[in-house]
file data_10.cif (mmCIF, C-alpha atoms and all ligand atoms)
data_input
#
loop_
_atom_site.label_atom_id
_atom_site.label_comp_id
_atom_site.auth_asym_id
_atom_site.auth_seq_id
_atom_site.Cartn_x
_atom_site.Cartn_y
_atom_site.Cartn_z
CA MET A 1 317.22 -35.82 174.04
CA ASN A 2 315.68 -37.73 171.16
CA THR A 3 314.34 -34.86 169.04
CA ILE A 4 313.18 -34.41 165.46
CA ASP A 5 316.59 -32.99 164.57
CA ASN A 6 317.86 -36.59 164.78
CA LEU A 7 315.29 -37.96 162.33
CA LYS A 8 316.66 -38.74 158.88
CA GLY A 9 315.13 -39.98 155.60
CA LEU A 10 311.65 -38.55 156.16
CA ASN A 11 310.96 -37.84 152.51
CA GLY A 12 307.59 -39.35 151.61
CA LYS A 13 307.23 -40.95 155.05
CA LYS A 14 303.91 -40.70 156.88
CA ILE A 15 304.50 -39.29 160.35
CA LEU A 16 301.85 -39.15 163.05
CA VAL A 17 302.39 -35.96 165.07
CA ARG A 18 300.59 -35.85 168.43
CA VAL A 19 299.91 -32.13 168.79
CA ASP A 20 298.06 -30.26 171.52
CA PHE A 21 295.15 -28.58 169.76
CA ASN A 22 293.02 -28.62 172.90
CA VAL A 23 292.15 -24.98 172.27
CA PRO A 24 289.50 -22.90 174.07
CA LEU A 25 286.31 -22.69 171.98
CA LYS A 26 283.38 -20.31 172.05
CA GLY A 27 280.75 -22.25 170.16
CA THR A 28 282.41 -23.09 166.87
CA GLU A 29 285.05 -20.37 167.14
CA VAL A 30 288.62 -20.84 168.39
CA ARG A 31 289.09 -18.18 171.11
CA ASP A 32 292.86 -18.51 171.35
CA ASP A 33 295.04 -20.14 168.70
CA ASN A 34 298.24 -20.17 170.80
CA ARG A 35 298.40 -23.94 170.88
CA VAL A 36 298.10 -24.20 167.10
CA VAL A 37 300.83 -21.58 166.69
CA ALA A 38 303.03 -23.40 169.22
CA ALA A 39 302.95 -26.56 167.07
CA LEU A 40 304.00 -24.80 163.85
CA PRO A 41 307.81 -25.02 164.22
CA THR A 42 307.62 -28.83 164.45
CA ILE A 43 305.07 -29.11 161.64
CA LYS A 44 307.09 -26.84 159.34
CA LYS A 45 310.36 -28.65 160.06
CA LEU A 46 308.83 -32.05 159.26
CA LEU A 47 307.20 -30.69 156.09
CA SER A 48 310.53 -29.21 155.00
CA GLU A 49 311.98 -32.75 155.23
CA GLY A 50 309.26 -33.98 152.84
CA ALA A 51 307.16 -35.90 155.36
CA ALA A 52 303.38 -36.35 155.06
CA LEU A 53 301.85 -35.40 158.39
CA VAL A 54 298.92 -36.93 160.23
CA LEU A 55 298.05 -34.57 163.10
CA MET A 56 296.14 -35.98 166.05
CA SER A 57 294.97 -34.25 169.23
CA HIS A 58 292.22 -34.46 171.79
CA LEU A 59 289.85 -31.52 172.24
CA GLY A 60 287.93 -31.15 175.50
CA LYS A 61 286.36 -34.08 177.30
CA ILE A 62 283.91 -36.72 176.17
CA LYS A 63 282.41 -38.35 179.26
CA TRP A 64 282.15 -41.92 178.03
CA GLY A 65 280.16 -44.25 180.24
CA LYS A 66 278.41 -41.62 182.33
CA VAL A 67 275.97 -40.35 179.73
CA ASP A 68 273.60 -41.71 177.09
CA ASP A 69 274.19 -41.68 173.32
CA ALA A 70 272.38 -38.38 172.75
CA GLU A 71 274.57 -36.69 175.36
CA ILE A 72 277.73 -38.20 173.88
CA ALA A 73 276.67 -36.86 170.47
CA LYS A 74 276.21 -33.42 172.05
CA GLU A 75 279.66 -33.56 173.67
CA LYS A 76 281.19 -34.65 170.37
CA GLU A 77 279.56 -31.73 168.58
CA LYS A 78 280.86 -29.34 171.26
CA ASN A 79 284.42 -30.70 170.97
CA ASN A 80 284.62 -30.99 167.21
CA MET A 81 288.17 -30.68 165.82
CA GLU A 82 286.69 -29.47 162.55
CA TYR A 83 286.42 -26.02 164.21
CA VAL A 84 290.21 -25.95 164.53
CA TYR A 85 290.79 -26.99 160.92
CA PRO A 86 290.40 -23.51 159.27
CA VAL A 87 292.72 -22.00 161.90
CA LEU A 88 295.41 -24.58 161.12
CA ALA A 89 294.90 -24.18 157.36
CA LYS A 90 295.29 -20.39 157.71
CA HIS A 91 298.61 -20.80 159.55
CA LEU A 92 299.84 -23.28 156.92
CA ASP A 93 299.10 -21.09 153.95
CA GLY A 94 300.45 -22.70 150.77
CA VAL A 95 300.34 -26.23 152.25
CA THR A 96 297.60 -28.73 151.35
CA VAL A 97 295.76 -29.29 154.63
CA LYS A 98 292.94 -31.83 154.77
CA PHE A 99 290.52 -32.88 157.49
CA CYS A 100 289.43 -36.44 158.26
CA LYS A 101 286.12 -36.83 160.08
CA ALA A 102 286.86 -40.44 161.02
CA THR A 103 289.08 -41.44 163.93
CA SER A 104 289.33 -45.11 162.92
CA GLY A 105 288.36 -47.58 160.20
CA ASP A 106 288.56 -47.48 156.41
CA GLU A 107 287.82 -43.78 156.06
CA LEU A 108 290.86 -42.86 158.19
CA LYS A 109 293.00 -45.58 156.61
CA GLU A 110 292.25 -44.32 153.09
CA ALA A 111 292.70 -40.65 154.01
CA ILE A 112 296.18 -41.43 155.36
CA ALA A 113 297.03 -43.73 152.46
CA GLY A 114 296.15 -40.95 150.00
CA LEU A 115 298.31 -38.37 151.76
CA LYS A 116 301.26 -37.14 149.69
CA ALA A 117 304.68 -35.82 150.76
CA GLY A 118 304.38 -32.24 152.07
CA GLU A 119 300.65 -32.58 152.86
CA VAL A 120 298.91 -32.39 156.23
CA LEU A 121 295.89 -34.32 157.46
CA LEU A 122 294.17 -33.13 160.64
CA VAL A 123 292.20 -35.96 162.23
CA GLN A 124 289.00 -35.55 164.26
CA ASN A 125 289.28 -35.34 168.09
CA THR A 126 291.08 -38.49 169.34
CA ARG A 127 288.63 -38.68 172.26
CA TYR A 128 285.84 -39.54 169.83
CA GLU A 129 287.39 -43.01 170.34
CA LYS A 130 286.46 -44.56 173.67
CA GLY A 131 289.77 -46.44 173.67
CA GLU A 132 291.95 -43.31 173.45
CA SER A 133 291.98 -42.47 177.17
CA LYS A 134 292.25 -46.18 178.06
CA ASN A 135 295.43 -46.57 176.00
CA ASP A 136 293.55 -49.32 174.21
CA ALA A 137 295.92 -51.81 172.53
CA LYS A 138 293.71 -52.41 169.48
CA LEU A 139 293.21 -48.72 168.77
CA SER A 140 296.95 -48.01 169.26
CA ALA A 141 297.83 -50.85 166.87
CA GLU A 142 295.38 -49.56 164.27
CA TRP A 143 296.74 -45.99 164.36
CA ALA A 144 300.35 -47.24 164.40
CA SER A 145 299.70 -49.44 161.35
CA TYR A 146 298.83 -46.41 159.18
CA VAL A 147 302.11 -44.50 159.66
CA ASP A 148 305.90 -44.84 159.39
CA GLY A 149 306.90 -42.83 162.45
CA PHE A 150 305.74 -40.73 165.39
CA VAL A 151 306.53 -37.31 166.83
CA MET A 152 305.32 -36.24 170.27
CA ASP A 153 304.71 -32.50 170.53
CA ALA A 154 301.77 -32.32 172.96
CA PHE A 155 303.31 -31.39 176.29
CA GLY A 156 299.89 -30.65 177.81
CA SER A 157 299.02 -34.35 177.33
CA ALA A 158 302.42 -35.89 178.05
CA HIS A 159 301.39 -36.87 181.61
CA ARG A 160 298.70 -39.14 180.21
CA ALA A 161 299.42 -42.62 178.91
CA HIS A 162 296.76 -42.64 176.22
CA ALA A 163 296.67 -44.41 172.85
CA SER A 164 297.81 -41.30 170.95
CA THR A 165 300.49 -40.30 173.47
CA HIS A 166 301.81 -43.68 174.56
CA GLY A 167 300.31 -46.71 172.80
CA VAL A 168 301.24 -45.66 169.28
CA PRO A 169 304.89 -44.65 169.93
CA GLU A 170 305.41 -47.76 172.04
CA ILE A 171 304.38 -49.99 169.14
CA LEU A 172 306.32 -48.05 166.48
CA LYS A 173 309.45 -48.02 168.62
CA LYS A 174 309.27 -51.79 169.06
CA GLU A 175 308.98 -52.09 165.28
CA GLY A 176 312.18 -50.06 164.87
CA LYS A 177 310.35 -47.10 163.32
CA PRO A 178 311.45 -43.52 164.10
CA VAL A 179 309.92 -41.80 167.14
CA ALA A 180 311.03 -38.41 168.51
CA LEU A 181 310.08 -35.34 170.52
CA GLY A 182 309.06 -32.17 168.66
CA TYR A 183 310.43 -28.69 169.29
CA LEU A 184 307.69 -27.68 171.74
CA MET A 185 308.42 -30.76 173.86
CA GLU A 186 312.13 -30.10 173.66
CA LYS A 187 311.65 -26.57 175.01
CA GLU A 188 309.38 -27.76 177.84
CA VAL A 189 311.71 -30.57 178.88
CA LYS A 190 314.72 -28.26 178.88
CA ASN A 191 313.10 -25.36 180.77
CA LEU A 192 311.04 -27.35 183.27
CA GLY A 193 314.09 -29.55 183.63
CA ALA A 194 315.82 -26.63 185.38
CA CYS A 195 313.07 -26.66 188.04
CA VAL A 196 313.18 -30.45 188.30
CA LYS A 197 316.93 -30.39 188.84
CA GLY A 198 316.74 -27.41 191.20
CA ASP A 199 320.49 -27.02 191.56
CA VAL A 200 320.42 -23.22 191.33
CA HIS A 201 319.85 -21.37 194.63
CA PRO A 202 318.05 -19.55 196.09
CA TYR A 203 315.26 -21.61 194.49
CA ILE A 204 311.81 -20.22 195.34
CA ALA A 205 308.50 -21.88 194.52
CA ILE A 206 305.24 -19.95 194.60
CA LEU A 207 302.17 -22.11 194.91
CA GLY A 208 298.57 -21.00 194.93
CA GLY A 209 295.20 -22.08 193.65
CA PHE A 210 292.36 -23.89 195.24
CA LYS A 211 293.32 -27.13 196.93
CA VAL A 212 296.26 -28.42 198.94
CA SER A 213 295.24 -31.98 198.04
CA ASP A 214 295.81 -31.29 194.33
CA LYS A 215 299.35 -30.17 195.06
CA ILE A 216 300.50 -32.57 197.80
CA LYS A 217 302.95 -34.43 195.60
CA VAL A 218 304.42 -31.29 194.11
CA ILE A 219 304.81 -29.70 197.56
CA ASP A 220 306.62 -32.85 198.77
CA SER A 221 308.94 -32.74 195.81
CA LEU A 222 309.58 -28.98 196.00
CA LEU A 223 310.28 -29.13 199.75
CA LYS A 224 313.29 -31.32 198.92
CA LYS A 225 314.63 -28.87 196.33
CA CYS A 226 313.49 -25.35 197.17
CA ASP A 227 314.78 -22.91 199.74
CA LYS A 228 311.33 -21.39 200.28
CA ILE A 229 307.75 -22.09 199.19
CA LEU A 230 305.45 -19.05 199.20
CA ILE A 231 301.81 -20.04 199.54
CA GLY A 232 298.76 -18.09 198.36
CA GLY A 233 295.25 -18.72 197.07
CA ALA A 234 292.55 -20.65 198.89
CA MET A 235 295.05 -23.40 199.80
CA ALA A 236 296.79 -20.96 202.18
CA TYR A 237 293.81 -21.15 204.55
CA THR A 238 294.23 -24.89 205.07
CA PHE A 239 297.78 -24.13 206.22
CA LEU A 240 296.58 -21.28 208.44
CA LYS A 241 293.91 -23.47 210.05
CA ALA A 242 296.51 -26.17 210.62
CA LEU A 243 298.47 -23.61 212.64
CA GLY A 244 295.40 -22.94 214.79
CA ASN A 245 294.09 -19.79 213.08
CA LYS A 246 290.44 -18.92 212.62
CA THR A 247 289.59 -19.25 208.93
CA GLY A 248 285.96 -18.03 208.86
CA ASN A 249 284.15 -19.35 205.80
CA CYS A 250 287.30 -20.15 203.80
CA PRO A 251 287.13 -23.45 201.86
CA VAL A 252 289.47 -25.38 204.16
CA GLU A 253 290.38 -29.05 203.55
CA ASP A 254 290.14 -30.52 207.02
CA ASP A 255 291.62 -33.84 205.91
CA GLN A 256 294.82 -32.06 204.90
CA LEU A 257 295.49 -30.25 208.19
CA ASP A 258 298.08 -32.74 209.48
CA TYR A 259 299.85 -32.74 206.14
CA ALA A 260 299.90 -28.93 206.01
CA LYS A 261 301.30 -28.77 209.57
CA LYS A 262 304.03 -31.27 208.72
CA CYS A 263 305.02 -29.21 205.64
CA TYR A 264 305.08 -26.03 207.71
CA GLU A 265 307.46 -27.64 210.19
CA SER A 266 310.07 -27.86 207.41
CA GLY A 267 310.65 -24.13 208.04
CA LYS A 268 310.47 -23.47 204.30
CA ILE A 269 306.81 -22.49 204.00
CA MET A 270 305.77 -18.81 203.96
CA LEU A 271 302.10 -17.94 204.47
CA PRO A 272 299.97 -14.82 204.07
CA VAL A 273 300.09 -12.45 207.05
CA ASP A 274 297.25 -10.23 205.81
CA ASN A 275 294.31 -10.81 203.53
CA VAL A 276 291.63 -9.30 201.36
CA ILE A 277 288.33 -10.74 202.55
CA ALA A 278 284.68 -10.63 201.52
CA ASP A 279 281.38 -11.95 202.83
CA GLY A 280 281.01 -14.56 200.07
CA PHE A 281 282.64 -16.00 196.98
CA ASP A 282 280.46 -15.00 194.04
CA ASN A 283 277.61 -13.45 196.01
CA TYR A 284 279.56 -11.02 198.20
CA ASN A 285 278.54 -7.43 198.85
CA PRO A 286 281.28 -5.22 197.32
CA ASP A 287 280.81 -2.75 200.21
CA ASN A 288 281.92 -5.51 202.58
CA ILE A 289 285.31 -6.19 200.95
CA LYS A 290 288.03 -5.47 203.54
CA THR A 291 291.77 -5.74 203.81
CA ILE A 292 292.56 -7.15 207.23
CA ASN A 293 295.95 -6.59 208.78
CA ASN A 294 296.27 -10.18 210.03
CA ASP A 295 295.51 -13.78 209.18
CA VAL A 296 292.50 -14.31 211.42
CA ILE A 297 289.47 -14.53 209.14
CA PRO A 298 286.23 -13.57 210.92
CA ASP A 299 283.12 -15.75 210.75
CA GLY A 300 280.98 -14.99 207.73
CA TYR A 301 284.03 -13.94 205.68
CA GLN A 302 286.51 -15.67 203.42
CA GLY A 303 289.94 -14.71 202.21
CA LEU A 304 290.04 -14.07 198.46
CA ASP A 305 293.47 -12.49 197.96
CA ILE A 306 296.73 -11.91 199.79
CA GLY A 307 297.16 -8.47 201.40
CA PRO A 308 299.83 -5.73 200.96
CA LYS A 309 302.15 -6.91 203.81
CA THR A 310 302.19 -10.41 202.32
CA ILE A 311 302.91 -8.98 198.87
CA LYS A 312 305.86 -7.07 200.36
CA ASN A 313 307.20 -10.19 202.14
CA TYR A 314 306.86 -12.33 199.01
CA ARG A 315 308.41 -9.63 196.85
CA GLU A 316 311.49 -9.50 199.10
CA GLU A 317 311.88 -13.27 198.91
CA ILE A 318 311.33 -13.36 195.14
CA ALA A 319 313.93 -10.59 194.63
CA LYS A 320 316.63 -12.84 196.16
CA ALA A 321 315.85 -15.87 194.00
CA LYS A 322 317.98 -17.24 191.17
CA LEU A 323 315.40 -19.88 190.18
CA ILE A 324 311.62 -19.47 190.44
CA PHE A 325 308.77 -21.91 189.81
CA TRP A 326 305.21 -20.57 190.00
CA ASN A 327 301.96 -22.50 189.85
CA GLY A 328 298.58 -21.24 191.04
CA PRO A 329 297.13 -17.75 191.47
CA MET A 330 297.41 -15.87 194.80
CA GLY A 331 293.70 -15.08 194.83
CA VAL A 332 290.53 -15.06 192.76
CA PHE A 333 292.32 -13.30 189.91
CA GLU A 334 289.30 -13.59 187.63
CA ASP A 335 287.60 -10.91 189.78
CA GLU A 336 289.07 -7.40 189.62
CA HIS A 337 288.70 -6.98 193.41
CA PHE A 338 290.98 -9.93 194.14
CA GLN A 339 293.66 -9.83 191.45
CA LYS A 340 296.25 -7.57 193.06
CA GLY A 341 298.18 -10.39 194.76
CA THR A 342 298.54 -12.31 191.51
CA ILE A 343 299.48 -9.18 189.53
CA GLU A 344 302.10 -8.18 192.12
CA VAL A 345 303.60 -11.68 192.10
CA CYS A 346 303.87 -11.48 188.29
CA LYS A 347 305.53 -8.11 188.69
CA ALA A 348 307.93 -9.24 191.43
CA ILE A 349 309.04 -12.29 189.45
CA THR A 350 309.60 -10.42 186.21
CA ASP A 351 311.35 -7.52 187.99
CA ASN A 352 313.97 -10.05 189.09
CA THR A 353 315.68 -10.25 185.72
CA GLU A 354 318.59 -12.28 187.18
CA ALA A 355 316.36 -15.26 187.97
CA PHE A 356 315.31 -18.09 185.66
CA SER A 357 311.52 -17.93 186.01
CA VAL A 358 309.08 -20.65 185.02
CA ILE A 359 305.28 -20.68 185.13
CA GLY A 360 303.88 -24.18 185.41
CA GLY A 361 300.95 -23.64 183.03
CA GLY A 362 297.27 -23.60 184.04
CA ASP A 363 295.64 -20.58 185.66
CA SER A 364 298.90 -18.83 186.49
CA ALA A 365 299.89 -18.87 182.81
CA ALA A 366 296.43 -17.49 181.94
CA ALA A 367 296.82 -14.78 184.61
CA ALA A 368 300.31 -13.77 183.42
CA LYS A 369 298.95 -13.48 179.91
CA GLN A 370 295.85 -11.56 180.99
CA PHE A 371 297.94 -9.04 182.96
CA GLY A 372 300.57 -8.62 180.22
CA TYR A 373 303.56 -10.32 181.91
CA ALA A 374 303.74 -13.65 180.06
CA ASN A 375 306.53 -12.72 177.65
CA LYS A 376 308.75 -11.47 180.49
CA PHE A 377 309.08 -14.93 182.06
CA SER A 378 311.94 -17.21 181.04
CA HIS A 379 309.40 -19.93 180.25
CA VAL A 380 305.62 -20.30 180.39
CA SER A 381 304.70 -23.95 180.20
CA THR A 382 301.83 -25.03 177.95
CA GLY A 383 300.79 -27.80 180.36
CA GLY A 384 299.46 -27.27 183.89
CA GLY A 385 298.96 -30.89 185.00
CA ALA A 386 301.95 -32.03 182.95
CA SER A 387 304.36 -29.50 184.45
CA LEU A 388 303.29 -30.34 188.01
CA GLU A 389 303.66 -34.07 187.35
CA MET A 390 307.02 -33.50 185.75
CA ILE A 391 308.27 -31.83 188.95
CA GLU A 392 306.63 -34.51 191.11
CA ASN A 393 308.14 -37.38 189.13
CA ASP A 394 311.66 -36.02 188.78
CA GLY A 395 311.31 -35.25 185.09
CA HIS A 396 309.49 -38.44 184.10
CA LEU A 397 306.22 -38.41 182.15
CA PRO A 398 304.70 -41.32 180.19
CA GLY A 399 304.68 -39.32 176.93
CA ILE A 400 308.37 -38.46 177.29
CA ASP A 401 309.69 -41.75 178.67
CA VAL A 402 308.08 -43.78 175.88
CA ILE A 403 310.11 -41.86 173.29
CA GLY A 404 313.34 -42.59 175.18
P1 LIG A 501 293.99 -24.28 190.80
O1 LIG A 501 293.30 -24.83 189.60
O2 LIG A 501 294.04 -25.21 191.96
O3 LIG A 501 295.34 -23.68 190.46
O4 LIG A 501 293.07 -23.09 191.32
C1 LIG A 501 292.82 -21.95 190.58
C2 LIG A 501 291.54 -21.33 191.04
O5 LIG A 501 291.63 -21.05 192.43
C3 LIG A 501 291.25 -20.01 190.34
O6 LIG A 501 290.05 -20.11 189.64
C4 LIG A 501 291.12 -19.01 191.48
O7 LIG A 501 290.06 -18.11 191.33
C5 LIG A 501 290.86 -19.90 192.68
N1 LIG A 501 291.28 -19.26 193.92
C6 LIG A 501 292.47 -18.69 194.18
N2 LIG A 501 292.47 -18.14 195.41
C7 LIG A 501 291.26 -18.36 195.95
C8 LIG A 501 290.66 -18.05 197.19
N3 LIG A 501 291.33 -17.38 198.12
N4 LIG A 501 289.39 -18.46 197.40
C9 LIG A 501 288.71 -19.15 196.44
N5 LIG A 501 289.24 -19.47 195.24
C10 LIG A 501 290.49 -19.09 195.00
#
call {"tool": "encode", "arguments": {"input": "data_10.cif", "output": "structure tokens"}}
result
Amino acid sequence: MNTIDNLKGLNGKKILVRVDFNVPLKGTEVRDDNRVVAALPTIKKLLSEGAALVLMSHLGKIKWGKVDDAEIAKEKEKNNMEYVYPVLAKHLDGVTVKFCKATSGDELKEAIAGLKAGEVLLVQNTRYEKGESKNDAKLSAEWASYVDGFVMDAFGSAHRAHASTHGVPEILKKEGKPVALGYLMEKEVKNLGACVKGDVHPYIAILGGFKVSDKIKVIDSLLKKCDKILIGGAMAYTFLKALGNKTGNCPVEDDQLDYAKKCYESGKIMLPVDNVIADGFDNYNPDNIKTINNDVIPDGYQGLDIGPKTIKNYREEIAKAKLIFWNGPMGVFEDEHFQKGTIEVCKAITDNTEAFSVIGGGDSAAAAKQFGYANKFSHVSTGGGASLEMIENDGHLPGIDVIG
């Protein structure tokens, strides 16, 4: 792997580090600084080598094209990287940390030119530039022209070929300038790599969440590698309907029924055999929540969590595993009435201390954290979409491949 440990002669060099500071915000306040903390080992290592660091990241979404100027200004204000700046400065106590409001042009050029060895410049949200998400050649060339090298440490964005994740390193590499992966990337590639390789058995995948269609490619890929795939969440009901079951008011994807049936015929798919149901999603009557001893969902009801028999079946399967990949909650874990399945899956996985256990980011990582299990997993990925795409594409992601 081409990591920052291989970079030499960084003293006084300006290095653009693509970090993942896409943190959750509540107004102007950073609700969770995990992503900033996760970038610190790479930042500190590069500073210890005497580099001057230009940190770039996106923050939230700016819907270019769909909205008028006033709305874009509102979205920019909502996703302002300046809110992250004090959090970064606090974690880099003793280091000169500056903020640049501009994402292109003379103001950015001068801010980078004035940066001294051992200093850090955090740049405004990369998505303030329309060309960022389009991997725009001109924008990439401009950013590349201001620096002497590039480090990729934003795993959560590594599945996107954008200017800051792909365009810039591609140009710098062609120019013979140093490019490398940071420590966070190295950890992700190594740990998710075990699930991509899948040569340790029994290998069990646990997939949940909302839609089958979002996970088709990962299911295809995991069916080739895994011994069993345990299904939960709303997507289970598309499988159950495909097998001819009644699914009441569950949000079934009718266009995925044939696909679900074909997957089931592999003999590797396990489905819920009992369910916690309610007479609505967010407008249900709590008195009408029931645990049904089967997988036939009555009309007027929908399944919102897996039931106790399913938990027992999944637990038995998980206990035998040597390698486990989990993505997607088993139910509506945000609601206390429907979180048991997800909690019990966390418990079952972490009780199996012999297995190498990986959470593929997203909601399952949030759930593991919320329920106090996150630090008991072998690895909790920082990227939901990126970890799924990494499995789907046999370890390849644009932001990794470009580094080489
Ligand atoms: P995903 O982003 O596809 O992993 O889906 C995660 C979302 O699926 C979470 O917000 C869960 O609340 C939701 N979810 C999980 N199970 C169900 C279910 N049985 N019915 C409706 N939503 C669900």
call {"tool": "axis_aligned_box", "arguments": {"input": "data_10.cif", "around": "ligand LIG 501 (chain A)", "padding_each_side": "6 Å", "output": "AutoDock Vina command-line options"}}
result
--center_x 292.0 --center_y -21.3 --center_z 193.9 --size_x 18.6 --size_y 19.8 --size_z 20.5
call {"tool": "atom_distance", "arguments": {"input": "data_10.cif", "atom1": "CA of Asp279 in chain A", "atom2": "atom O3 of ligand LIG 501 (chain A)"}}
result
22.0 Å
call {"tool": "residues_around", "arguments": {"input": "data_10.cif", "residues": "Asp32 in chain A", "least_positions_apart": "6", "cutoff": "12 Å", "atoms": "only C-alpha atoms", "output": "list in words"}}
result
Phe21, Asn22, Val23, Pro24, Leu25, Lys26, Ala38, Val84, Val87, Ala366 and Lys369 of chain A
call {"tool": "atom_distance", "arguments": {"input": "data_10.cif", "atom1": "CA of Ala141 in chain A", "atom2": "CA of Lys14 in chain A"}}
result
15.5 Å
call {"tool": "closest_atom_pairs", "arguments": {"input": "data_10.cif", "of": "range 133-240 of chain A", "to": "range 389-401 of chain A", "cutoff": "12 Å", "atoms": "only C-alpha atoms", "output": "CSV"}}
result
residue,atom,partner,partner_atom,distance
A:Asn135,CA,A:Pro398,CA,11.4
A:Phe150,CA,A:Gly399,CA,11.7
A:Val151,CA,A:Gly399,CA,10.5
A:Met152,CA,A:Gly399,CA,7.4
A:Asp153,CA,A:Gly399,CA,9.4
A:Ala154,CA,A:Gly399,CA,8.6
A:Phe155,CA,A:Gly399,CA,8.1
A:Gly156,CA,A:Gly399,CA,9.9
A:Ser157,CA,A:Gly399,CA,7.5
A:Ala158,CA,A:Gly399,CA,4.3
A:His159,CA,A:Leu397,CA,5.1
A:Arg160,CA,A:Pro398,CA,6.4
A:Ala161,CA,A:Pro398,CA,5.6
A:His162,CA,A:Gly399,CA,8.6
A:Ala163,CA,A:Gly399,CA,10.3
A:Ser164,CA,A:Gly399,CA,9.3
A:Thr165,CA,A:Gly399,CA,5.5
A:His166,CA,A:Gly399,CA,5.7
A:Gly167,CA,A:Gly399,CA,9.5
A:Val168,CA,A:Gly399,CA,10.5
A:Pro169,CA,A:Gly399,CA,8.8
A:Glu170,CA,A:Gly399,CA,9.8
A:Lys173,CA,A:Asp401,CA,11.8
A:Val179,CA,A:Ile400,CA,10.8
A:Ala180,CA,A:Ile400,CA,9.2
A:Leu181,CA,A:Ile400,CA,7.6
A:Gly182,CA,A:Ile400,CA,10.7
A:Met185,CA,A:Ile400,CA,8.4
A:Glu186,CA,A:Ile400,CA,9.9
A:Glu188,CA,A:Met390,CA,10.1
A:Val189,CA,A:Gly395,CA,7.8
A:Lys190,CA,A:Gly395,CA,10.0
A:Asn191,CA,A:Gly395,CA,10.9
A:Leu192,CA,A:Ile391,CA,7.7
A:Gly193,CA,A:Gly395,CA,6.5
A:Ala194,CA,A:Gly395,CA,9.7
A:Cys195,CA,A:Ile391,CA,7.1
A:Val196,CA,A:Ile391,CA,5.1
A:Lys197,CA,A:Asp394,CA,7.7
A:Gly198,CA,A:Ile391,CA,9.8
A:Ala205,CA,A:Ile391,CA,11.4
A:Asp214,CA,A:Glu389,CA,10.9
A:Lys215,CA,A:Glu392,CA,9.4
A:Ile216,CA,A:Glu392,CA,9.3
A:Lys217,CA,A:Glu392,CA,5.8
A:Val218,CA,A:Glu392,CA,4.9
A:Ile219,CA,A:Glu392,CA,8.2
A:Asp220,CA,A:Glu392,CA,7.8
A:Ser221,CA,A:Glu392,CA,5.5
A:Leu222,CA,A:Ile391,CA,7.7
A:Leu223,CA,A:Glu392,CA,10.8
A:Lys224,CA,A:Glu392,CA,10.7
A:Lys225,CA,A:Ile391,CA,10.2
A:Cys226,CA,A:Ile391,CA,11.7
call {"tool": "residues_near_ligand", "arguments": {"input": "data_10.cif", "ligand": "ligand LIG 501 (chain A)", "cutoff": "10 Å", "atoms": "only C-alpha atoms and all ligand atoms", "output": "short mmCIF file (atom, residue, chain, number, x, y, z; two decimals) with C-alpha atoms, in the frame of the given file"}}
result
data_model
loop_
_atom_site.label_atom_id
_atom_site.label_comp_id
_atom_site.auth_asym_id
_atom_site.auth_seq_id
_atom_site.Cartn_x
_atom_site.Cartn_y
_atom_site.Cartn_z
CA LEU A 207 302.17 -22.11 194.91
CA GLY A 208 298.57 -21.00 194.93
CA GLY A 209 295.20 -22.08 193.65
CA PHE A 210 292.36 -23.89 195.24
CA LYS A 211 293.32 -27.13 196.93
CA VAL A 212 296.26 -28.42 198.94
CA SER A 213 295.24 -31.98 198.04
CA ASP A 214 295.81 -31.29 194.33
CA LYS A 215 299.35 -30.17 195.06
CA GLY A 232 298.76 -18.09 198.36
CA GLY A 233 295.25 -18.72 197.07
CA ALA A 234 292.55 -20.65 198.89
CA MET A 235 295.05 -23.40 199.80
CA ALA A 236 296.79 -20.96 202.18
CA TYR A 237 293.81 -21.15 204.55
CA ASN A 249 284.15 -19.35 205.80
CA CYS A 250 287.30 -20.15 203.80
CA PRO A 251 287.13 -23.45 201.86
CA VAL A 252 289.47 -25.38 204.16
CA ASN A 275 294.31 -10.81 203.53
CA VAL A 276 291.63 -9.30 201.36
CA ILE A 277 288.33 -10.74 202.55
CA GLY A 280 281.01 -14.56 200.07
CA PHE A 281 282.64 -16.00 196.98
CA ASP A 282 280.46 -15.00 194.04
CA GLN A 302 286.51 -15.67 203.42
CA GLY A 303 289.94 -14.71 202.21
CA LEU A 304 290.04 -14.07 198.46
CA ASP A 305 293.47 -12.49 197.96
CA ILE A 306 296.73 -11.91 199.79
CA ASN A 327 301.96 -22.50 189.85
CA GLY A 328 298.58 -21.24 191.04
CA PRO A 329 297.13 -17.75 191.47
CA MET A 330 297.41 -15.87 194.80
CA GLY A 331 293.70 -15.08 194.83
CA VAL A 332 290.53 -15.06 192.76
CA PHE A 333 292.32 -13.30 189.91
CA GLU A 334 289.30 -13.59 187.63
CA ASP A 335 287.60 -10.91 189.78
CA PHE A 338 290.98 -9.93 194.14
CA GLN A 339 293.66 -9.83 191.45
CA GLY A 341 298.18 -10.39 194.76
CA THR A 342 298.54 -12.31 191.51
CA GLY A 360 303.88 -24.18 185.41
CA GLY A 361 300.95 -23.64 183.03
CA GLY A 362 297.27 -23.60 184.04
CA ASP A 363 295.64 -20.58 185.66
CA SER A 364 298.90 -18.83 186.49
CA ALA A 367 296.82 -14.78 184.61
CA GLY A 384 299.46 -27.27 183.89
CA GLY A 385 298.96 -30.89 185.00
#
call {"tool": "closest_residue", "arguments": {"input": "data_10.cif", "among": "A:Gly105, A:Gln370, A:Tyr183, A:Glu354", "to": "Asn2 in chain A", "atoms": "only C-alpha atoms"}}
result
A:Tyr183
call {"tool": "atom_distance", "arguments": {"input": "data_10.cif", "atom1": "CA of Lys261 in chain A", "atom2": "CA of Glu316 in chain A"}}
result
24.2 Å
